[in-house]
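Asker: Structure incoming, see below.
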Amino acid sequence: MAPASGTSGKGGRWAKLRCAAGTALAIVVAFGLAVLIVWFIVRPAPLEFAVDDARVRGVNITDGRLNATFEVSIWADNRNNKVSVYYDAMEVRVVYDDQAVAFAEVAPFFHPHHNATEIRVTAAAVAAPLGESARRELRRDIAGGKIVVEVAVRARIRYRIATFKSHHYTLRAYCTPVDLYLSPSTPSSTTNCDVEF
C-alpha cells in the first residue's frame with residue numbers, strides 16, 4: 001500500500017529543521033563556554049594610565065595664539081598576567097578650556113604583561129589659536145603661576161595572549177586635572193586617567 005501523499009515530506013522537513021536548530025544551539029553554547037573558559041584562564045584586568053609628571057616651558061600668548069612646550073610623563077600599567085598589548089599608534093593631546101592646543105605622536109611599542117611603562121612626550125603648541133574666553137582664562141592662570149589642562153591619549157591597540165593576536169581596538173584615556181606650574185621648582189602631582197575602549 002502506498003503512503004498517503006504529502007505526509008512523509010512534511011515530517012522530513014520538520015526533522016531537518018529541528019536538527020539544524022539543535023546544531024545551531026549547540027554551536028552557540030560551545031562558543032559561549034569556550035569564551036567563558038578563556039576568560040577564567042586569562043582573567044583580564046583593565047589597562048591603567050596616569051600622568052606622573054607634567055611641565056610647561058616658554059608660555060607666550062601673541063595675537064591670540066599660544067606658543068608653549070609641554071613635557072608630559074605618562075605611566076601605562078598593564079596588570080595582566082597573560083595579556084600583552086601592541087600599541088600600533090598613539091597620539092597625545094594637551095587640551096586647555098576644551099581646545100586642543102598641543103599634539104604629539106608616540107612611536108609604536110610593545111607593552112609586556114605585568115609591566116608598567118613610562119611614556120615621555122613633548123608636545124609643542126605653535127601659534128595655537130585661542131578663543132576669547134580661553135585667552136582671558138589663560139592670562140589669569142599665567143599670572144597665578146599654574147595652568148590646569150587635560151591630557152588626552154588616543155591609541156590603536158591589539159592584545160596578545162600567547163601567540164593569538166586580537167584585532168584592533170581604540171583606547172582613549174582622559175587625564176584631568178593636570179596642574180602645570182610655571183615655577184620649575186614646584187613639582188606636579190600624579191593624575192589618574194579615565195580609560196575607555
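Residues in the C-alpha cells are named by chain (A, B, ... in the order shown) and by number from 1 within that chain; ligands are numbered from 1 in the order shown.
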Could you make a table, as CSV, of the residues of range 15-75 of chain A that have an atom within 8 Å of an atom of range 173-194 of chain A, each with its nearest atom pair and distance in Å to one decimal, counting only C-alpha atoms, in chain and number order?
Answerer:
residue,atom,partner,partner_atom,distance
A:Glu48,CA,A:Cys193,CA,7.3
A:Phe49,CA,A:Cys193,CA,5.4
A:Ala50,CA,A:Asn192,CA,4.3
A:Val51,CA,A:Thr191,CA,5.1
A:Asp52,CA,A:Thr190,CA,4.5
A:Asp53,CA,A:Ser188,CA,5.7
A:Ala54,CA,A:Leu180,CA,6.1
A:Arg55,CA,A:Leu180,CA,5.5
A:Val56,CA,A:Leu180,CA,6.2
A:Arg57,CA,A:Leu182,CA,7.4
Asker: Those selected residues, please, written with N, CA, C and O atoms and delivered as an mmCIF file, in the first residue's frame.
Answerer:
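Now in selection-v6.cif:
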data_model
loop_
_atom_site.group_PDB
_atom_site.id
_atom_site.type_symbol
_atom_site.label_atom_id
_atom_site.label_comp_id
_atom_site.auth_asym_id
_atom_site.auth_seq_id
_atom_site.Cartn_x
_atom_site.Cartn_y
_atom_site.Cartn_z
ATOM 1 N N GLU A 48 45.663 50.677 32.897
ATOM 2 C CA GLU A 48 45.571 51.891 33.693
ATOM 3 C C GLU A 48 46.603 52.900 33.206
ATOM 4 O O GLU A 48 47.721 52.542 32.851
ATOM 5 N N PHE A 49 46.203 54.173 33.209
ATOM 6 C CA PHE A 49 47.086 55.261 32.812
ATOM 7 C C PHE A 49 47.091 56.332 33.896
ATOM 8 O O PHE A 49 46.088 56.539 34.569
ATOM 9 N N ALA A 50 48.232 57.029 34.023
ATOM 10 C CA ALA A 50 48.343 58.156 34.949
ATOM 11 C C ALA A 50 49.396 59.116 34.421
ATOM 12 O O ALA A 50 50.412 58.695 33.866
ATOM 13 N N VAL A 51 49.135 60.407 34.595
ATOM 14 C CA VAL A 51 50.154 61.427 34.309
ATOM 15 C C VAL A 51 50.932 61.618 35.596
ATOM 16 O O VAL A 51 50.383 62.039 36.610
ATOM 17 N N ASP A 52 52.213 61.267 35.541
ATOM 18 C CA ASP A 52 53.045 61.301 36.746
ATOM 19 C C ASP A 52 53.777 62.631 36.895
ATOM 20 O O ASP A 52 54.025 63.087 37.988
ATOM 21 N N ASP A 53 54.138 63.225 35.774
ATOM 22 C CA ASP A 53 54.882 64.473 35.822
ATOM 23 C C ASP A 53 54.516 65.282 34.589
ATOM 24 O O ASP A 53 54.410 64.727 33.489
ATOM 25 N N ALA A 54 54.309 66.563 34.754
ATOM 26 C CA ALA A 54 53.978 67.430 33.619
ATOM 27 C C ALA A 54 54.586 68.805 33.861
ATOM 28 O O ALA A 54 54.518 69.336 34.965
ATOM 29 N N ARG A 55 55.191 69.338 32.822
ATOM 30 C CA ARG A 55 55.844 70.642 32.904
ATOM 31 C C ARG A 55 55.495 71.449 31.657
ATOM 32 O O ARG A 55 55.199 70.889 30.602
ATOM 33 N N VAL A 56 55.595 72.762 31.794
ATOM 34 C CA VAL A 56 55.379 73.647 30.653
ATOM 35 C C VAL A 56 56.509 74.670 30.629
ATOM 36 O O VAL A 56 56.956 75.143 31.669
ATOM 37 N N ARG A 57 56.995 74.953 29.421
ATOM 38 C CA ARG A 57 58.062 75.946 29.244
ATOM 39 C C ARG A 57 57.680 76.902 28.118
ATOM 40 O O ARG A 57 56.939 76.541 27.211
#
Asker: Using only C-alpha atoms for the distances, tell me which of A:Phe103, A:Trp14, A:Phe31, A:Phe110 is nearest to Ala68 in chain A.
Answerer: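 Smallest distance to Ala68 in chain A is found for A:Phe103.
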Asker: Hey, which bits of range 34-106 of chain A sit within 9 Å of range 142-164 of chain A, and for each residue what's the closest pair of atoms and how far apart in Å (one decimal), counting only C-alpha atoms, rows by chain and increasing number, as a tab-separated table?
Answerer:
residue	atom	partner	partner_atom	distance
A:Val42	CA	A:Ile161	CA	8.2
A:Val51	CA	A:Val151	CA	8.0
A:Val56	CA	A:Ile147	CA	8.7
A:Val59	CA	A:Ile142	CA	8.3
A:Val72	CA	A:Val151	CA	8.5
A:Lys82	CA	A:Ile161	CA	6.1
A:Val83	CA	A:Ile161	CA	5.0
A:Ser84	CA	A:Arg160	CA	5.0
A:Val85	CA	A:Tyr159	CA	4.6
A:Tyr86	CA	A:Arg158	CA	5.1
A:Tyr87	CA	A:Ile157	CA	4.6
A:Asp88	CA	A:Arg156	CA	5.6
A:Ala89	CA	A:Arg156	CA	5.2
A:Met90	CA	A:Ala155	CA	4.2
A:Glu91	CA	A:Arg154	CA	5.4
A:Val92	CA	A:Val153	CA	4.6
A:Arg93	CA	A:Ala152	CA	5.1
A:Val94	CA	A:Val151	CA	4.8
A:Val95	CA	A:Glu150	CA	5.0
A:Tyr96	CA	A:Val149	CA	5.0
A:Asp97	CA	A:Val149	CA	7.5
A:Asp98	CA	A:Glu150	CA	8.5
Asker: So the first atom is CA of Ile74 in chain A and the second is CA of Ser166 in chain A; what is the distance between them in Å, to one decimal place?
Answerer: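 These atoms are spaced 24.5 Å apart.
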Asker: Just asking: which residues within range 86-192 of chain A are helix (DSSP H, G or I) according to DSSP, as a list in words?
Answerer: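 Assigned to helix (DSSP H, G or I), within range 86-192 of chain A: Glu132, Ser133, Ala134, Arg135, Arg136, Glu137, Leu138, Arg139, Arg140, Asp141, Ile142, Ala143 and Gly144 of chain A.
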Asker: Work out how far CA of Glu118 in chain A is from CA of Leu66 in chain A, in Å to one decimal.
Answerer: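 For CA of Leu66 in chain A relative to CA of Glu118 in chain A, the distance reads 27.5 Å.
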